[in-house]
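Q: This is the structure, below, for whatever I ask next.
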Amino acid sequence: MTYEVRPVRPEEHRLAWDLGSLAFGYHEQAIPDGWAASAPGRTTLGVFDEAGRLVAKAVDREQGQWFGGRVVPVSGVAGVAVAAEQRGRGLGRLVLTSLLSGARERGAALSSLFDTTPLPYRALGWEEIGTLTYHTVAARVLAEIRPDPKITLRPATEADIPAVYELYRRVARAGTGLMERSGTLFAAATPAKLLAEYHGFTVALDGAGDLVGYASWDRGPGYDASGKLTVDDLIGATPEATRTLLAMLGGWASVAPTIVLRLGAEDPVWSLLARVDAKVASAQPWMLRVVDAPAAIAARGWPRHLSGAADLSLTDDVCPWHQGDYRFVVDGGEARLEPGGTGAIRLTPRGLAAWYAGAASPDQLRRTGFLTGGDPASDDLLRTATAGPTPTLHDYF
Ligand SMILES: CC(C)(COP(=O)(O)OP(=O)(O)OC[C@H]1O[C@@H](n2cnc3c(N)ncnc32)[C@H](O)[C@@H]1OP(=O)(O)O)[C@@H](O)C(=O)NCCC(=O)NCCS
């Protein structure tokens with residue numbers, strides 16, 4: 001059997017809907033009016049058999065994610081599905097390998113995805129580096145937090161949204177892996193639409209009237225024990241703002257006793273919340289792959305006060321274009337991969353992804369089998385180079 005791999009054409013969008021909806025269990029819904037498998041910033045790649053049937057598909061999303069204070073171009077992979085009868089025969093590998101090649105051609109340096117199972121993606125070089133986690137907290141626990149008298153809360157207006165985005169970006173810039181919420185995929189998210197997505201969008205203002213925090217939240221039904229408030233973003237630029245937003249959530253205790261909060265592992269909210277009071281409500285793992293190593297190394301930010309070099313050898317049969325030996329040179333906040341070197345430190349694709357994101361130290365990678373070679377000095381350099389906040393991604397796709 002020979003297969004054709006190419007973007008799904010507009011007249012074939014129905015095939016993509018059928019394959020995806022059956023795989024992910026929304027097949028009883030009608031296809032929404034105007035639904036399109038591909039749109040600006042989002043391309044569905046299909047695998048067609050000789051009879052013209054769509055037997056596999058995957059979506060390449062053009063997005064940016066923050067690493068070391070810079071936005072790196074990423075291929076966000078979504079909607080990966082193979083027809084039930086054809087699974088386990090290499091079509092997943094075929095569509096994902098083609099997607100990676102196309103993503104590299106359009107300039108993506110990395111690829112990320114939320115996996116329902118890591119196994120097929122691990123076989124192709126992605127590695128799990130984080131989870132998108134919602135935590136359940138009893139509202140009465142938050143009711144013990146007092147609002148700060150200097151902070152005013154009010155519902156957001158459209159005019160607040162640029163400052164909301166700027167505050168989010170400030171947090172994303174200091175983090176590892178957070179989504180850049182701009183570009184083609186976010187063009188439709190106008191302030192009005194963003195506000196319409198939530199039941200409540202609260203902003204926190206300081207004494208000077210500057211926006212210093214916000215929370216976006218949904219109020220679930222009912223006012224008995226099942227009442228629930230789900231908070232997507234809660235960002236405070238100051239301790240007073242964070243405290244006051246949490247106190248606002250505590251104010252729901254009598255009618256919505258459960259608060260569900262999306263939080264990263266190192267969120268300042270944890271300074272006001274005892275971990276014992278928060279249970280994981282849901283945790284969606286996400287994975288990273290390096291698509292173009294020299295481009296990925298050049299694109300991210302590096303510690304300004306670190307300089308050094310290490311000899312890396314990359315093996316990668318899925319993205320063969322970046323296989324080979326390189327001298328990794330880091331200096332003054334920049335780094336590059338220069339072809340050559342001794343190849344002393346060998347990294348597998350999964351090892352490269354985990355190291356790049358600072359999700360694993362060289363010692364961990366060596367014990368996992370993702371890194372071989374190197375010595376204590378190169379371990380120090382590599383560990384320090386990508387050390388940073390725990391990889392976090394709050395935007396599910
Ligand atoms: C997940 C899915 C896309 C994989 O596609 P596939 O065609 O079955 O996968 P392939 O046969 O190409 O396998 C690709 C690699 O992953 C490995 N793999 C795939 N499924 C696996 C499994 N369940 N357990 C272990 N390894 C697995 C294969 O061994 C293969 O590695 P190899 O080429 O080194 O041997 C497909 O099974 C599917 O559509 N599942 C339902 C929808 C879904 O879960 N989508 C993923 C959403 S994140």
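Chain lettering (A, B, ...) mirrors the order of the structure tokens, residue numbering begins at 1 for each chain separately, and ligand numbering begins at 1 in order of display.
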Using only C-alpha atoms and all ligand atoms, what does the table of chain A residues within 7 Å of ligand 1 look like, with each row giving the shortest atom pair and its distance in Å to one decimal, sorted by chain and ascending number, as CSV?
A:
residue,atom,partner,partner_atom_place_in_ligand_line,distance
A:Ala23,CA,ligand 1,42 (C),5.0
A:Phe24,CA,ligand 1,42 (C),6.5
A:Ala78,CA,ligand 1,48 (S),6.9
A:Gly79,CA,ligand 1,47 (C),6.2
A:Val80,CA,ligand 1,45 (N),4.9
A:Ala81,CA,ligand 1,39 (O),3.5
A:Val82,CA,ligand 1,39 (O),3.7
A:Ala83,CA,ligand 1,39 (O),6.2
A:Ala84,CA,ligand 1,39 (O),6.7
A:Gln86,CA,ligand 1,7 (O),6.5
A:Arg87,CA,ligand 1,8 (O),3.5
A:Gly88,CA,ligand 1,11 (O),3.2
A:Arg89,CA,ligand 1,11 (O),4.1
A:Gly90,CA,ligand 1,12 (O),3.1
A:Leu91,CA,ligand 1,7 (O),4.0
A:Gly92,CA,ligand 1,12 (O),3.4
A:Arg93,CA,ligand 1,12 (O),3.7
A:Leu94,CA,ligand 1,12 (O),6.3
A:Phe114,CA,ligand 1,48 (S),6.0
A:Asp115,CA,ligand 1,48 (S),4.0
A:Thr116,CA,ligand 1,48 (S),4.4
A:Thr117,CA,ligand 1,48 (S),6.3
A:Leu119,CA,ligand 1,26 (N),4.6
A:Pro120,CA,ligand 1,16 (O),3.0
A:Tyr121,CA,ligand 1,16 (O),6.3
A:Ala123,CA,ligand 1,31 (O),4.8
A:Leu124,CA,ligand 1,15 (C),6.7
Q: Go through segment 106-320 of chain A and collect every residue that DSSP, computed from the backbone, puts in strand (DSSP E or B); the answer should be as a VMD selection string.
A: chain A and resid 110 to 114 127 to 138 152 to 155 179 200 to 205 211 to 219 228 to 236 258 to 262 278 to 290 308 to 314
Q: Taking the backbone alone, and naming residues the way the document does, which bits of segment 46-288 of chain A are helix (DSSP H, G or I) by DSSP, as a ChimeraX atom specification?
A: /A:84-86,91-105,119-123,139-142,158-174,184-186,191-196,239-250,268-271,275-277
Q: Considering only C-alpha atoms, return as an MDAnalysis selection string whatever protein or nucleic-acid residues lie within 9 Å of Leu142 of chain A, sequence-local ones (same chain, fewer than 6 positions apart) excluded.
A: chainID A and resid 246:251 253 259 272:273
Q: Taking only C-alpha atoms into account, which of A:Gly68, A:Ser378, A:Leu365, A:Leu314 comes nearest Gly333 of chain A?
A: A:Gly68
Q: For segment 41-46 of chain A, find every residue with an atom within 7 Å (counting only C-alpha atoms), except residues of its own chain fewer than 3 positions away, and show them as an mmCIF file with all heavy atoms, in the first residue's frame.
A:
data_model
loop_
_atom_site.group_PDB
_atom_site.id
_atom_site.type_symbol
_atom_site.label_atom_id
_atom_site.label_comp_id
_atom_site.auth_asym_id
_atom_site.auth_seq_id
_atom_site.Cartn_x
_atom_site.Cartn_y
_atom_site.Cartn_z
ATOM 1 N N VAL A 5 0.837 11.756 1.663
ATOM 2 C CA VAL A 5 0.811 12.621 2.852
ATOM 3 C C VAL A 5 0.790 14.065 2.369
ATOM 4 O O VAL A 5 1.705 14.491 1.649
ATOM 5 C CB VAL A 5 2.059 12.400 3.746
ATOM 6 C CG1 VAL A 5 1.900 13.167 5.065
ATOM 7 C CG2 VAL A 5 2.279 10.921 4.027
ATOM 8 N N ARG A 6 -0.239 14.802 2.733
ATOM 9 C CA ARG A 6 -0.360 16.193 2.282
ATOM 10 C C ARG A 6 -1.396 16.906 3.155
ATOM 11 O O ARG A 6 -2.199 16.256 3.846
ATOM 12 C CB ARG A 6 -0.776 16.252 0.814
ATOM 13 C CG ARG A 6 -2.083 15.548 0.527
ATOM 14 C CD ARG A 6 -2.611 15.844 -0.863
ATOM 15 N NE ARG A 6 -3.757 14.994 -1.168
ATOM 16 C CZ ARG A 6 -4.988 15.182 -0.713
ATOM 17 N NH1 ARG A 6 -5.257 16.195 0.106
ATOM 18 N NH2 ARG A 6 -5.968 14.362 -1.062
ATOM 19 N N PRO A 7 -1.395 18.251 3.105
ATOM 20 C CA PRO A 7 -2.420 18.973 3.868
ATOM 21 C C PRO A 7 -3.817 18.587 3.383
ATOM 22 O O PRO A 7 -4.026 18.355 2.195
ATOM 23 C CB PRO A 7 -2.119 20.446 3.572
ATOM 24 C CG PRO A 7 -0.679 20.468 3.173
ATOM 25 C CD PRO A 7 -0.427 19.161 2.474
ATOM 26 N N VAL A 8 -4.748 18.502 4.293
ATOM 27 C CA VAL A 8 -6.145 18.198 3.975
ATOM 28 C C VAL A 8 -6.734 19.396 3.219
ATOM 29 O O VAL A 8 -6.553 20.546 3.637
ATOM 30 C CB VAL A 8 -6.916 17.920 5.293
ATOM 31 C CG1 VAL A 8 -8.404 17.829 5.055
ATOM 32 C CG2 VAL A 8 -6.392 16.644 5.935
ATOM 33 N N ALA A 37 -10.685 22.247 8.980
ATOM 34 C CA ALA A 37 -9.565 21.494 9.548
ATOM 35 C C ALA A 37 -8.309 22.356 9.583
ATOM 36 O O ALA A 37 -7.462 22.211 10.469
ATOM 37 C CB ALA A 37 -9.320 20.227 8.731
ATOM 38 N N SER A 38 -8.179 23.234 8.593
ATOM 39 C CA SER A 38 -7.018 24.131 8.546
ATOM 40 C C SER A 38 -7.507 25.571 8.531
ATOM 41 O O SER A 38 -8.571 25.868 8.000
ATOM 42 C CB SER A 38 -6.176 23.864 7.296
ATOM 43 O OG SER A 38 -5.638 22.565 7.348
ATOM 44 N N LEU A 54 -9.061 9.115 4.133
ATOM 45 C CA LEU A 54 -8.163 9.744 5.118
ATOM 46 C C LEU A 54 -7.941 8.733 6.239
ATOM 47 O O LEU A 54 -8.887 8.383 6.942
ATOM 48 C CB LEU A 54 -8.787 11.028 5.668
ATOM 49 C CG LEU A 54 -7.952 11.768 6.706
ATOM 50 C CD1 LEU A 54 -6.700 12.381 6.086
ATOM 51 C CD2 LEU A 54 -8.774 12.866 7.381
ATOM 52 N N ALA A 56 -5.073 8.848 8.479
ATOM 53 C CA ALA A 56 -4.344 9.417 9.622
ATOM 54 C C ALA A 56 -4.285 10.922 9.448
ATOM 55 O O ALA A 56 -4.326 11.424 8.320
ATOM 56 C CB ALA A 56 -2.932 8.840 9.703
ATOM 57 N N LYS A 57 -4.188 11.616 10.573
ATOM 58 C CA LYS A 57 -4.077 13.077 10.488
ATOM 59 C C LYS A 57 -3.379 13.629 11.726
ATOM 60 O O LYS A 57 -3.329 12.968 12.783
ATOM 61 C CB LYS A 57 -5.444 13.726 10.316
ATOM 62 C CG LYS A 57 -6.295 13.669 11.566
ATOM 63 C CD LYS A 57 -7.511 14.550 11.404
ATOM 64 C CE LYS A 57 -8.244 14.727 12.720
ATOM 65 N NZ LYS A 57 -7.635 15.634 13.666
ATOM 66 N N ALA A 58 -2.853 14.819 11.589
ATOM 67 C CA ALA A 58 -2.258 15.537 12.729
ATOM 68 C C ALA A 58 -2.257 17.020 12.377
ATOM 69 O O ALA A 58 -2.142 17.383 11.205
ATOM 70 C CB ALA A 58 -0.828 15.057 12.988
ATOM 71 N N VAL A 59 -2.389 17.845 13.391
ATOM 72 C CA VAL A 59 -2.457 19.297 13.185
ATOM 73 C C VAL A 59 -1.146 19.939 13.645
ATOM 74 O O VAL A 59 -0.631 19.612 14.720
ATOM 75 C CB VAL A 59 -3.644 19.900 13.978
ATOM 76 C CG1 VAL A 59 -3.680 21.420 13.833
ATOM 77 C CG2 VAL A 59 -4.963 19.283 13.524
ATOM 78 N N ASP A 60 -0.619 20.832 12.813
ATOM 79 C CA ASP A 60 0.569 21.640 13.151
ATOM 80 C C ASP A 60 0.090 23.058 13.466
ATOM 81 O O ASP A 60 -0.437 23.742 12.597
ATOM 82 C CB ASP A 60 1.532 21.651 11.947
ATOM 83 C CG ASP A 60 2.666 22.654 12.101
ATOM 84 O OD1 ASP A 60 2.986 23.035 13.244
ATOM 85 O OD2 ASP A 60 3.244 23.060 11.062
ATOM 86 N N ARG A 61 0.256 23.475 14.717
ATOM 87 C CA ARG A 61 -0.142 24.829 15.139
ATOM 88 C C ARG A 61 1.093 25.714 15.239
ATOM 89 O O ARG A 61 2.082 25.346 15.869
ATOM 90 C CB ARG A 61 -0.790 24.783 16.527
ATOM 91 C CG ARG A 61 -2.143 24.092 16.604
ATOM 92 C CD ARG A 61 -2.488 23.786 18.058
ATOM 93 N NE ARG A 61 -2.068 24.847 18.966
ATOM 94 C CZ ARG A 61 -2.894 25.782 19.457
ATOM 95 N NH1 ARG A 61 -4.169 25.774 19.164
ATOM 96 N NH2 ARG A 61 -2.435 26.708 20.274
ATOM 97 N N GLU A 62 1.006 26.880 14.630
ATOM 98 C CA GLU A 62 2.147 27.816 14.665
ATOM 99 C C GLU A 62 2.045 28.650 15.930
ATOM 100 O O GLU A 62 1.240 29.563 16.009
ATOM 101 C CB GLU A 62 2.119 28.713 13.424
ATOM 102 C CG GLU A 62 2.349 27.937 12.158
ATOM 103 C CD GLU A 62 2.145 28.762 10.895
ATOM 104 O OE1 GLU A 62 2.429 29.974 10.915
ATOM 105 O OE2 GLU A 62 1.686 28.183 9.901
ATOM 106 N N LEU A 99 4.964 15.789 9.548
ATOM 107 C CA LEU A 99 4.624 17.059 10.200
ATOM 108 C C LEU A 99 5.888 17.759 10.702
ATOM 109 O O LEU A 99 6.063 18.966 10.513
ATOM 110 C CB LEU A 99 3.653 16.797 11.351
ATOM 111 C CG LEU A 99 3.133 18.021 12.101
ATOM 112 C CD1 LEU A 99 1.719 17.782 12.609
ATOM 113 C CD2 LEU A 99 4.023 18.412 13.264
ATOM 114 N N THR A 184 -0.928 34.576 15.038
ATOM 115 C CA THR A 184 -2.089 34.221 14.220
ATOM 116 C C THR A 184 -3.156 33.471 15.015
ATOM 117 O O THR A 184 -4.341 33.766 14.898
ATOM 118 C CB THR A 184 -1.619 33.326 13.047
ATOM 119 O OG1 THR A 184 -0.434 33.911 12.524
ATOM 120 C CG2 THR A 184 -2.651 33.241 11.964
ATOM 121 N N LEU A 185 -2.729 32.501 15.811
ATOM 122 C CA LEU A 185 -3.715 31.674 16.509
ATOM 123 C C LEU A 185 -4.514 32.461 17.543
ATOM 124 O O LEU A 185 -5.585 32.042 17.947
ATOM 125 C CB LEU A 185 -3.026 30.497 17.207
ATOM 126 C CG LEU A 185 -2.536 29.379 16.304
ATOM 127 C CD1 LEU A 185 -1.751 28.364 17.108
ATOM 128 C CD2 LEU A 185 -3.706 28.700 15.612
#
